[in-house]
Amino acid sequence: MQDPSPFRSLDFWIAVGAALIVKIRTTRQLSPAKVVATLVVAVAAAWVGAEYAAQVLGVPLPIAAAIVTLTAEGAMRWLLIGVNDPKQIIELWRLWRKP
């Protein structure tokens with residue numbers, strides 16, 4: 001699954017871009033600067049982790065890139081929300097801990 005190009009394939013970037021567009025359009029809780037920060041983290045995570053995710057999940061690289069992009073963007077978004085309002089993180093933790 002090694003991509004021969006150092007800049008990845010067009011399919012990779014289409015999947016990453018589509019995932020980011022969906023995520024941005026469906027959530028609007030952060031300032032523009034923080035949205036840019038989440039996008040940078042998401043793209044970097046896809047760049048670094050998509051091949052590993054493709055191997056582990058057994059899916060094509062573009063699908064793995066979209067999965068990693070959405071996961072990293074969501075994690076970064078929750079981190080930034082938690083920094084602004086720690087009560088939201090505590091509430092999320094309580095929801096996860098419910099049996």
# chains A, B, ... in the order shown; residues from 1 in each chain; ligands from 1
$ residues_around --residues "stretch 87-96 of chain A" --least-positions-apart "5" --cutoff "8 Å" --atoms "only C-alpha atoms" --output "VMD selection string"
chain A and resid 78 81 to 82
$ write_last_selection --atoms "C-alpha atoms" --output "mmCIF file, in the first residue's frame"
data_model
loop_
_atom_site.group_PDB
_atom_site.id
_atom_site.type_symbol
_atom_site.label_atom_id
_atom_site.label_comp_id
_atom_site.auth_asym_id
_atom_site.auth_seq_id
_atom_site.Cartn_x
_atom_site.Cartn_y
_atom_site.Cartn_z
ATOM 1 C CA TRP A 78 -12.890 18.115 21.446
ATOM 2 C CA ILE A 81 -13.563 22.700 23.216
ATOM 3 C CA GLY A 82 -12.273 21.203 26.466
#
$ residues_around --residues "A:Val43" --least-positions-apart "4" --cutoff "10 Å" --atoms "only C-alpha atoms" --output "list in words"
Trp13, Val16, Gly17, Leu20, Thr38, Leu39, Trp47, Val48, Gly49, Ala65, Ala66, Val68, Thr69, Leu70, Ala72 and Glu73 of chain A
$ select_by_dssp --residues "stretch 26-67 of chain A" --states "alpha helix (DSSP H)" --output "PyMOL selection string"
chain A and resi 26+32-57+61-67
$ atom_distance --atom1 "atom CA of A:Phe12" --atom2 "atom CA of A:Ala45"
12.7 Å
$ closest_residue --among "A:Arg97, A:Asp85, A:Ile21, A:Arg77" --to "A:Ala33" --atoms "only C-alpha atoms"
A:Arg77
$ closest_residue --among "A:Ala37, A:Leu61, A:Ala42, A:Ala54" --to "A:Arg8" --atoms "only C-alpha atoms"
A:Leu61
$ atom_distance --atom1 "atom CA of A:Ser9" --atom2 "atom CA of A:Lys23"
21.6 Å
$ decode --residues "chain A" --atoms "C-alpha atoms" --output "CSV table (one decimal), in the first residue's frame"
chain,number,residue,atom,x,y,z
A,1,MET,CA,0.0,0.0,0.0
A,2,GLN,CA,3.0,2.3,-0.3
A,3,ASP,CA,2.1,5.3,-2.3
A,4,PRO,CA,5.0,6.0,-4.8
A,5,SER,CA,4.4,9.8,-4.8
A,6,PRO,CA,5.7,11.9,-1.9
A,7,PHE,CA,2.6,14.1,-2.3
A,8,ARG,CA,0.1,11.2,-2.3
A,9,SER,CA,-2.4,10.4,-5.0
A,10,LEU,CA,-5.3,12.5,-6.1
A,11,ASP,CA,-7.7,9.9,-4.6
A,12,PHE,CA,-6.1,10.4,-1.2
A,13,TRP,CA,-6.5,14.2,-1.3
A,14,ILE,CA,-10.1,13.9,-2.6
A,15,ALA,CA,-11.0,11.7,0.4
A,16,VAL,CA,-9.2,13.9,2.9
A,17,GLY,CA,-10.9,17.0,1.4
A,18,ALA,CA,-14.3,15.5,1.4
A,19,ALA,CA,-14.0,14.3,5.0
A,20,LEU,CA,-12.9,17.8,6.0
A,21,ILE,CA,-15.7,19.5,4.2
A,22,VAL,CA,-18.3,17.2,5.7
A,23,LYS,CA,-16.9,17.8,9.2
A,24,ILE,CA,-16.7,21.6,8.8
A,25,ARG,CA,-20.2,21.9,7.4
A,26,THR,CA,-21.8,19.8,10.2
A,27,THR,CA,-20.1,21.5,13.2
A,28,ARG,CA,-19.7,25.1,14.0
A,29,GLN,CA,-18.5,25.4,17.6
A,30,LEU,CA,-15.0,26.9,17.1
A,31,SER,CA,-13.5,30.2,15.9
A,32,PRO,CA,-12.0,30.3,12.4
A,33,ALA,CA,-8.4,30.1,13.8
A,34,LYS,CA,-9.3,27.0,15.8
A,35,VAL,CA,-11.0,25.4,12.7
A,36,VAL,CA,-7.7,25.9,10.8
A,37,ALA,CA,-5.8,24.3,13.6
A,38,THR,CA,-8.1,21.2,13.5
A,39,LEU,CA,-7.7,21.1,9.7
A,40,VAL,CA,-3.9,21.1,10.0
A,41,VAL,CA,-3.9,18.3,12.6
A,42,ALA,CA,-6.4,16.3,10.5
A,43,VAL,CA,-4.4,16.5,7.3
A,44,ALA,CA,-1.1,15.8,9.1
A,45,ALA,CA,-2.7,12.7,10.8
A,46,ALA,CA,-4.0,11.5,7.4
A,47,TRP,CA,-0.6,12.0,5.9
A,48,VAL,CA,1.1,10.1,8.6
A,49,GLY,CA,-1.4,7.4,9.6
A,50,ALA,CA,-3.5,6.6,6.6
A,51,GLU,CA,-1.2,3.8,5.3
A,52,TYR,CA,-1.2,2.1,8.7
A,53,ALA,CA,-5.0,2.4,9.0
A,54,ALA,CA,-5.4,1.0,5.6
A,55,GLN,CA,-3.4,-2.1,6.5
A,56,VAL,CA,-5.1,-2.6,9.9
A,57,LEU,CA,-8.6,-2.0,8.6
A,58,GLY,CA,-8.1,-3.7,5.3
A,59,VAL,CA,-9.6,-0.8,3.3
A,60,PRO,CA,-8.2,1.2,0.4
A,61,LEU,CA,-5.9,4.1,1.2
A,62,PRO,CA,-8.4,6.9,0.4
A,63,ILE,CA,-11.0,5.3,2.7
A,64,ALA,CA,-8.4,5.0,5.5
A,65,ALA,CA,-7.4,8.6,4.9
A,66,ALA,CA,-10.9,9.8,5.3
A,67,ILE,CA,-11.3,7.7,8.5
A,68,VAL,CA,-8.1,9.1,10.0
A,69,THR,CA,-9.0,12.6,8.9
A,70,LEU,CA,-12.4,12.5,10.6
A,71,THR,CA,-11.0,10.9,13.7
A,72,ALA,CA,-8.1,13.3,14.1
A,73,GLU,CA,-10.3,16.4,13.4
A,74,GLY,CA,-12.8,15.2,16.0
A,75,ALA,CA,-10.2,14.6,18.6
A,76,MET,CA,-8.6,18.0,18.1
A,77,ARG,CA,-12.0,19.7,18.1
A,78,TRP,CA,-12.9,18.1,21.4
A,79,LEU,CA,-9.5,19.1,22.8
A,80,LEU,CA,-10.0,22.7,21.9
A,81,ILE,CA,-13.6,22.7,23.2
A,82,GLY,CA,-12.3,21.2,26.5
A,83,VAL,CA,-9.6,23.9,26.8
A,84,ASN,CA,-12.3,26.6,26.4
A,85,ASP,CA,-14.9,24.8,28.6
A,86,PRO,CA,-13.7,21.9,30.8
A,87,LYS,CA,-17.3,21.2,31.9
A,88,GLN,CA,-18.1,19.9,28.5
A,89,ILE,CA,-15.2,17.4,28.7
A,90,ILE,CA,-16.4,16.3,32.1
A,91,GLU,CA,-19.9,15.8,30.8
A,92,LEU,CA,-18.6,13.8,27.9
A,93,TRP,CA,-16.7,11.6,30.3
A,94,ARG,CA,-19.8,11.0,32.4
A,95,LEU,CA,-21.8,10.0,29.3
A,96,TRP,CA,-19.1,7.5,28.2
A,97,ARG,CA,-18.9,6.1,31.8
A,98,LYS,CA,-22.7,5.4,32.0
A,99,PRO,CA,-23.4,1.7,32.0
